Amino acid sequence: MVDVIAPDKLSQLATDNRYRGLVFCQRSVTQPVIQAHIGLVPWQPVLLLAGTSDDSPAASNVLGIIEEPFNYPQLTELLHICQLFVQHKRQDVQTSANQTKLFRSLVGRSEGVAAVRHLIHQVAPSDATVLVLGQSGTGKEVVARNIHYLSERRDGPFIPVNCGAIPPELLESELFGHEKGSFTGAISARKGRFELAEGGTLFLDEIGDMPLQMQVKLLRVLQERMFERVGGTKSINANVRVVAATHRNLDLMISEDTFREDLYYRLNVFPIEMPSLAERSEDIPLLLQELVSRVFNEGRGKVRFTQRAIESLKEHAWTGNVRELSNLVERLTILYPGGLVDVNDLPLKYRHIDVPEYEIAVDEALLERDALVAIFTDEEPIELPESRFPSELPSEGVNLKDLLAELEIDMIRQALDQQENVVARAAEMLGIRRTTLVEKMRKYGLSKD
């Protein structure tokens, strides 16, 4: 929409929904009036006619001046600039509550996620076939669901099909249905996924795993919008919007004759490529917040991450993408319910920042007291060697502290020998913490070697 606005109508632009397009300011409009208008509607592209004012206002939405004589190349170039301006500014406009809810799974502020959101908004109102590309775990089904719920088919069904999870001999029946008696075991007629998705969206996940024979039949349905059940002769209309997805390189598969080129071009009407998590690592803090909230809302506890842990996670390669991050959050929720996760609490492969392990310094007197308490409160009495610990105390008495120290040293040495000098396993064998065993070894001057 292009509006040529007279001075007395500029004030309507801030309140009148009709004025949503490009504005040409007439030559009679004075500079103060133009400046006031620009302040009211900073999102609206403005082109000035040559000679509009001696002092043209400097503002981000004044995109150019149309020189006389008017010509088609000049005007089309300026209109293209206005189009790019509107597309860029559109990202700053807040979405509705419904859109915000839908895009929860597309969390992030990176350029890659913003581009995907923009493409979804562009293609959703149409019925064009969409091909979603990207690595496993990047959220391709999330994109398909958002396309469906933002389209005119939102009130219809959304039917997902994993083409790689269904045996080839059953895939045709799964997609198109079958008639009673069409094959062994077909005791009744059954609708296929195309019929179940009538008036809605059919999501064909892992389309690259579809056998060549089924690719031919799918191509015919996409071309003719008609299909027949297995064993049937009646043609059925397919009022279905198709969204396909794959993590495979379809161009390579075409060159290897494992994917039909004509089907590829039929599916690839509107491609959307999902960025990997490694390509948008700046979104990890927001993703962690979202995933932790989901786990907490499901009643499975809540964890928090230190800034060092987040920085370490941002350095990870994430071959499993968002799905891998989600699994990690669930695992840490089980290990540290309600706790705070630092770098050394992460599994070893996620530790990309060198942080020394914190050793708790405990008073030796406290360690000795704990040892005595453990001995005298143990449900099963400790059997001590008779040769070293006589059943009766000698008349001259004993030095209990030295005796206990000798016992500890002997037990520690045996545990280390049996566990091949692995301190963590030796501590587990002795029923104490690793840090406690390290302190005792330091106290007695013992080395794991």
# chains A, B, ... in the order shown; residues from 1 in each chain; ligands from 1
>>> residues_around(residues="stretch 79-82 of chain A", least_positions_apart="3", cutoff="9 Å", atoms="only C-alpha atoms", output="compact mmCIF listing (two decimals) with all heavy atoms, in the first residue's frame")
# COMPACT_ATOMS: atom_id res chain seq x y z
N LEU A 22 3.80 2.59 2.51
CA LEU A 22 4.81 3.59 2.23
C LEU A 22 4.19 4.98 2.15
O LEU A 22 3.07 5.14 1.71
CB LEU A 22 5.50 3.25 0.90
CG LEU A 22 6.50 4.25 0.34
CD1 LEU A 22 7.70 4.34 1.26
CD2 LEU A 22 6.91 3.80 -1.06
N GLN A 44 7.33 3.36 10.02
CA GLN A 44 6.77 3.50 8.66
C GLN A 44 7.80 4.10 7.72
O GLN A 44 8.37 5.15 7.99
CB GLN A 44 5.53 4.38 8.70
CG GLN A 44 4.74 4.33 7.40
CD GLN A 44 3.31 4.82 7.63
OE1 GLN A 44 3.08 5.60 8.52
NE2 GLN A 44 2.39 4.35 6.82
N PRO A 45 8.09 3.44 6.58
CA PRO A 45 9.07 3.97 5.63
C PRO A 45 8.55 5.24 4.96
O PRO A 45 7.38 5.35 4.59
CB PRO A 45 9.24 2.84 4.61
CG PRO A 45 7.99 2.05 4.71
CD PRO A 45 7.53 2.14 6.12
N VAL A 46 9.43 6.21 4.82
CA VAL A 46 9.08 7.51 4.23
C VAL A 46 10.04 7.83 3.10
O VAL A 46 11.26 7.69 3.25
CB VAL A 46 9.12 8.62 5.30
CG1 VAL A 46 8.87 9.99 4.67
CG2 VAL A 46 8.10 8.35 6.40
N LEU A 47 9.49 8.25 1.96
CA LEU A 47 10.27 8.76 0.85
C LEU A 47 9.90 10.23 0.65
O LEU A 47 8.71 10.57 0.62
CB LEU A 47 10.00 7.98 -0.43
CG LEU A 47 10.44 6.50 -0.45
CD1 LEU A 47 10.08 5.87 -1.79
CD2 LEU A 47 11.93 6.38 -0.19
N ASN A 61 13.73 6.15 9.41
CA ASN A 61 12.71 5.70 8.46
C ASN A 61 12.55 6.61 7.25
O ASN A 61 11.67 6.40 6.43
CB ASN A 61 11.36 5.54 9.18
CG ASN A 61 10.87 6.82 9.82
OD1 ASN A 61 11.67 7.66 10.20
ND2 ASN A 61 9.56 6.96 9.95
N LEU A 63 14.00 7.02 4.01
CA LEU A 63 14.85 6.09 3.28
C LEU A 63 15.37 6.62 1.96
O LEU A 63 16.19 5.96 1.33
CB LEU A 63 14.08 4.78 3.03
CG LEU A 63 13.51 4.11 4.29
CD1 LEU A 63 12.80 2.83 3.93
CD2 LEU A 63 14.61 3.84 5.31
N GLY A 64 14.90 7.78 1.50
CA GLY A 64 15.43 8.29 0.25
C GLY A 64 14.64 9.47 -0.27
O GLY A 64 13.58 9.83 0.26
N GLN A 74 14.52 4.22 -10.78
CA GLN A 74 14.75 4.89 -9.50
C GLN A 74 13.68 4.52 -8.48
O GLN A 74 13.98 4.21 -7.32
CB GLN A 74 14.77 6.41 -9.71
CG GLN A 74 14.89 7.19 -8.40
CD GLN A 74 14.60 8.66 -8.57
OE1 GLN A 74 15.11 9.48 -7.82
NE2 GLN A 74 13.77 9.02 -9.54
N LEU A 75 12.41 4.52 -8.93
CA LEU A 75 11.31 4.24 -8.02
C LEU A 75 11.35 2.80 -7.52
O LEU A 75 11.15 2.53 -6.33
CB LEU A 75 9.98 4.53 -8.72
CG LEU A 75 8.73 4.39 -7.84
CD1 LEU A 75 8.80 5.31 -6.64
CD2 LEU A 75 7.47 4.67 -8.67
N THR A 76 11.62 1.84 -8.40
CA THR A 76 11.65 0.44 -7.98
C THR A 76 12.80 0.17 -7.02
O THR A 76 12.68 -0.62 -6.08
CB THR A 76 11.77 -0.49 -9.19
OG1 THR A 76 12.90 -0.08 -10.00
CG2 THR A 76 10.51 -0.46 -10.03
N PHE A 85 13.48 -2.55 4.68
CA PHE A 85 13.33 -1.84 5.96
C PHE A 85 12.17 -2.44 6.75
O PHE A 85 12.29 -2.72 7.95
CB PHE A 85 13.09 -0.35 5.69
CG PHE A 85 12.81 0.46 6.93
CD1 PHE A 85 13.84 0.94 7.71
CD2 PHE A 85 11.50 0.75 7.30
CE1 PHE A 85 13.58 1.68 8.85
CE2 PHE A 85 11.23 1.49 8.43
CZ PHE A 85 12.28 1.96 9.21
N VAL A 86 11.03 -2.65 6.09
CA VAL A 86 9.86 -3.20 6.78
C VAL A 86 10.13 -4.62 7.28
O VAL A 86 9.76 -4.98 8.39
CB VAL A 86 8.64 -3.18 5.83
CG1 VAL A 86 7.46 -3.94 6.46
CG2 VAL A 86 8.24 -1.75 5.52
N GLN A 87 10.81 -5.44 6.47
CA GLN A 87 11.12 -6.80 6.89
C GLN A 87 12.03 -6.81 8.11
O GLN A 87 11.87 -7.62 9.02
CB GLN A 87 11.77 -7.57 5.75
CG GLN A 87 10.83 -7.89 4.61
CD GLN A 87 11.53 -8.59 3.47
OE1 GLN A 87 12.76 -8.71 3.46
NE2 GLN A 87 10.77 -9.04 2.49
>>> closest_atom_pairs(of="stretch 203-307 of chain A", to="stretch 117-138 of chain A", cutoff="10 Å", atoms="only C-alpha atoms", output="tab-separated table")
residue	atom	partner	partner_atom	distance
A:Phe203	CA	A:Val130	CA	9.6
A:Leu204	CA	A:Leu131	CA	9.4
A:Asp205	CA	A:Val132	CA	9.1
A:Glu206	CA	A:Ser136	CA	9.6
A:Ile207	CA	A:Leu131	CA	9.4
A:Leu222	CA	A:Thr129	CA	9.1
A:Val240	CA	A:Asp127	CA	8.7
A:Arg241	CA	A:Asp127	CA	5.9
A:Val242	CA	A:Thr129	CA	5.3
A:Val243	CA	A:Val130	CA	4.8
A:Ala244	CA	A:Leu131	CA	4.9
A:Ala245	CA	A:Val132	CA	4.5
A:Thr246	CA	A:Leu133	CA	5.5
A:His247	CA	A:Gln135	CA	4.9
A:Arg248	CA	A:Gln135	CA	7.9
A:Asn249	CA	A:Leu133	CA	8.8
A:Leu250	CA	A:Leu133	CA	9.6
A:Tyr264	CA	A:Leu131	CA	9.1
A:Tyr265	CA	A:Leu131	CA	9.9
A:Arg266	CA	A:Thr129	CA	7.8
A:Leu267	CA	A:Thr129	CA	5.9
A:Asn268	CA	A:Leu131	CA	5.4
A:Val269	CA	A:Thr129	CA	5.7
A:Phe270	CA	A:Val130	CA	4.8
A:Pro271	CA	A:Leu131	CA	4.7
A:Ile272	CA	A:Val132	CA	4.8
A:Glu273	CA	A:Leu133	CA	4.6
A:Met274	CA	A:Gly134	CA	4.9
A:Pro275	CA	A:Gly134	CA	6.6
A:Ser276	CA	A:Thr138	CA	6.0
A:Leu277	CA	A:Thr138	CA	7.0
>>> write_last_selection(atoms="N, CA and C atoms", output="compact mmCIF listing (two decimals), in the first residue's frame")
# COMPACT_ATOMS: atom_id res chain seq x y z
N PHE A 203 2.75 -34.23 8.31
CA PHE A 203 4.19 -34.02 8.50
C PHE A 203 4.93 -35.32 8.21
N LEU A 204 5.69 -35.34 7.14
CA LEU A 204 6.48 -36.53 6.75
C LEU A 204 7.90 -36.36 7.24
N ASP A 205 8.17 -36.90 8.40
CA ASP A 205 9.50 -36.79 8.99
C ASP A 205 10.42 -37.86 8.40
N GLU A 206 11.71 -37.51 8.30
CA GLU A 206 12.73 -38.41 7.74
C GLU A 206 12.32 -38.92 6.36
N ILE A 207 11.94 -37.99 5.49
CA ILE A 207 11.51 -38.34 4.14
C ILE A 207 12.65 -38.98 3.35
N LEU A 222 1.17 -35.97 -4.64
CA LEU A 222 1.47 -34.54 -4.57
C LEU A 222 1.11 -33.83 -5.87
N VAL A 240 -4.77 -31.83 1.77
CA VAL A 240 -3.77 -31.92 2.84
C VAL A 240 -2.60 -31.01 2.50
N ARG A 241 -2.11 -30.30 3.49
CA ARG A 241 -0.86 -29.54 3.31
C ARG A 241 0.29 -30.42 3.79
N VAL A 242 1.31 -30.61 2.97
CA VAL A 242 2.42 -31.51 3.27
C VAL A 242 3.64 -30.70 3.70
N VAL A 243 4.18 -31.09 4.85
CA VAL A 243 5.46 -30.57 5.33
C VAL A 243 6.38 -31.76 5.52
N ALA A 244 7.52 -31.76 4.86
CA ALA A 244 8.47 -32.87 4.95
C ALA A 244 9.74 -32.40 5.66
N ALA A 245 10.48 -33.34 6.20
CA ALA A 245 11.72 -33.00 6.90
C ALA A 245 12.71 -34.14 6.76
N THR A 246 13.98 -33.80 6.78
CA THR A 246 15.04 -34.80 6.74
C THR A 246 16.35 -34.22 7.24
N HIS A 247 17.19 -35.12 7.78
CA HIS A 247 18.54 -34.70 8.17
C HIS A 247 19.55 -35.12 7.12
N ARG A 248 19.09 -35.80 6.08
CA ARG A 248 20.00 -36.30 5.05
C ARG A 248 20.29 -35.22 3.99
N ASN A 249 21.36 -35.44 3.25
CA ASN A 249 21.73 -34.58 2.12
C ASN A 249 21.02 -35.13 0.88
N LEU A 250 19.89 -34.54 0.54
CA LEU A 250 19.09 -35.07 -0.57
C LEU A 250 19.79 -34.88 -1.91
N TYR A 264 12.05 -34.51 -5.16
CA TYR A 264 12.79 -33.48 -4.43
C TYR A 264 12.30 -32.08 -4.81
N TYR A 265 12.14 -31.82 -6.09
CA TYR A 265 11.69 -30.50 -6.52
C TYR A 265 10.22 -30.27 -6.18
N ARG A 266 9.44 -31.34 -6.08
CA ARG A 266 8.05 -31.20 -5.68
C ARG A 266 7.95 -30.85 -4.19
N LEU A 267 8.87 -31.40 -3.39
CA LEU A 267 8.86 -31.13 -1.95
C LEU A 267 9.55 -29.80 -1.61
N ASN A 268 10.55 -29.45 -2.39
CA ASN A 268 11.41 -28.32 -2.06
C ASN A 268 10.86 -26.99 -2.58
N VAL A 269 9.54 -26.81 -2.46
CA VAL A 269 8.93 -25.56 -2.90
C VAL A 269 9.40 -24.42 -2.00
N PHE A 270 9.39 -24.66 -0.69
CA PHE A 270 9.78 -23.63 0.27
C PHE A 270 10.68 -24.29 1.33
N PRO A 271 12.00 -24.25 1.13
CA PRO A 271 12.90 -24.89 2.11
C PRO A 271 13.14 -24.00 3.33
N ILE A 272 13.23 -24.63 4.48
CA ILE A 272 13.62 -23.97 5.74
C ILE A 272 14.72 -24.80 6.37
N GLU A 273 15.87 -24.19 6.57
CA GLU A 273 17.01 -24.92 7.15
C GLU A 273 17.19 -24.53 8.61
N MET A 274 17.14 -25.54 9.48
CA MET A 274 17.31 -25.31 10.91
C MET A 274 18.79 -25.24 11.26
N PRO A 275 19.23 -24.20 11.95
CA PRO A 275 20.64 -24.14 12.36
C PRO A 275 20.92 -25.13 13.48
N SER A 276 22.13 -25.67 13.49
CA SER A 276 22.51 -26.57 14.58
C SER A 276 22.72 -25.77 15.85
N LEU A 277 22.72 -26.45 16.99
CA LEU A 277 22.90 -25.76 18.27
C LEU A 277 24.31 -25.18 18.37
>>> atom_distance(atom1="atom CA of A:His178", atom2="atom CA of A:Glu224")
19.4 Å
>>> closest_residue(among="A:Val107, A:Met411, A:Leu171, A:Ala424", to="A:Ile284", atoms="only C-alpha atoms")
A:Val107
>>> atom_distance(atom1="atom CA of A:Val341", atom2="atom CA of A:Glu311")
12.2 Å
>>> closest_atom_pairs(of="stretch 206-299 of chain A", to="stretch 181-201 of chain A", cutoff="12 Å", atoms="only C-alpha atoms", output="JSON lines")
{"residue": "A:Leu218", "atom": "CA", "partner": "A:Phe194", "partner_atom": "CA", "distance": 10.6}
{"residue": "A:Val221", "atom": "CA", "partner": "A:Phe194", "partner_atom": "CA", "distance": 9.7}
{"residue": "A:Leu222", "atom": "CA", "partner": "A:Phe194", "partner_atom": "CA", "distance": 11.1}
{"residue": "A:Arg225", "atom": "CA", "partner": "A:Phe194", "partner_atom": "CA", "distance": 10.3}
{"residue": "A:Met226", "atom": "CA", "partner": "A:Phe194", "partner_atom": "CA", "distance": 9.9}
{"residue": "A:Phe227", "atom": "CA", "partner": "A:Phe194", "partner_atom": "CA", "distance": 8.8}
{"residue": "A:Glu228", "atom": "CA", "partner": "A:Gly192", "partner_atom": "CA", "distance": 10.0}
{"residue": "A:Arg229", "atom": "CA", "partner": "A:Gly192", "partner_atom": "CA", "distance": 7.8}
{"residue": "A:Val230", "atom": "CA", "partner": "A:Ser182", "partner_atom": "CA", "distance": 6.5}
{"residue": "A:Gly231", "atom": "CA", "partner": "A:Ser182", "partner_atom": "CA", "distance": 4.7}
{"residue": "A:Gly232", "atom": "CA", "partner": "A:Ser182", "partner_atom": "CA", "distance": 7.9}
{"residue": "A:Thr233", "atom": "CA", "partner": "A:Ser182", "partner_atom": "CA", "distance": 11.3}
{"residue": "A:Ser235", "atom": "CA", "partner": "A:Glu195", "partner_atom": "CA", "distance": 11.7}
{"residue": "A:Ile236", "atom": "CA", "partner": "A:Glu195", "partner_atom": "CA", "distance": 8.4}
{"residue": "A:Asn237", "atom": "CA", "partner": "A:Glu195", "partner_atom": "CA", "distance": 8.7}
{"residue": "A:Ala238", "atom": "CA", "partner": "A:Phe194", "partner_atom": "CA", "distance": 6.7}
{"residue": "A:Asn239", "atom": "CA", "partner": "A:Glu198", "partner_atom": "CA", "distance": 5.5}
{"residue": "A:Val240", "atom": "CA", "partner": "A:Glu198", "partner_atom": "CA", "distance": 5.5}
{"residue": "A:Arg241", "atom": "CA", "partner": "A:Thr201", "partner_atom": "CA", "distance": 4.7}
{"residue": "A:Val242", "atom": "CA", "partner": "A:Thr201", "partner_atom": "CA", "distance": 5.9}
{"residue": "A:Val243", "atom": "CA", "partner": "A:Thr201", "partner_atom": "CA", "distance": 7.2}
{"residue": "A:Ala244", "atom": "CA", "partner": "A:Thr201", "partner_atom": "CA", "distance": 10.4}
>>> residues_around(residues="stretch 317-334 of chain A", least_positions_apart="6", cutoff="12 Å", atoms="only C-alpha atoms", output="VMD selection string")
chain A and resid 105 to 108 134 to 140 142 247 274 to 281 283 to 296 298 to 305 310 340 to 343 345 to 347 349 to 352
>>> atom_distance(atom1="atom CA of A:Leu202", atom2="atom CA of A:Ile159")
5.0 Å
>>> select_by_dssp(residues="stretch 259-367 of chain A", states="helix (DSSP H, G or I)", output="ChimeraX atom specification")
/A:261-267,277-297,307-314,321-335,343-345,348-350,364-367
>>> select_by_dssp(residues="stretch 217-432 of chain A", states="strand (DSSP E or B)", output="JSON, numbers by chain")
{"A": [226, 227, 228, 230, 235, 236, 237, 241, 242, 243, 244, 245, 246, 270, 271, 272, 273, 304, 305, 340, 341]}
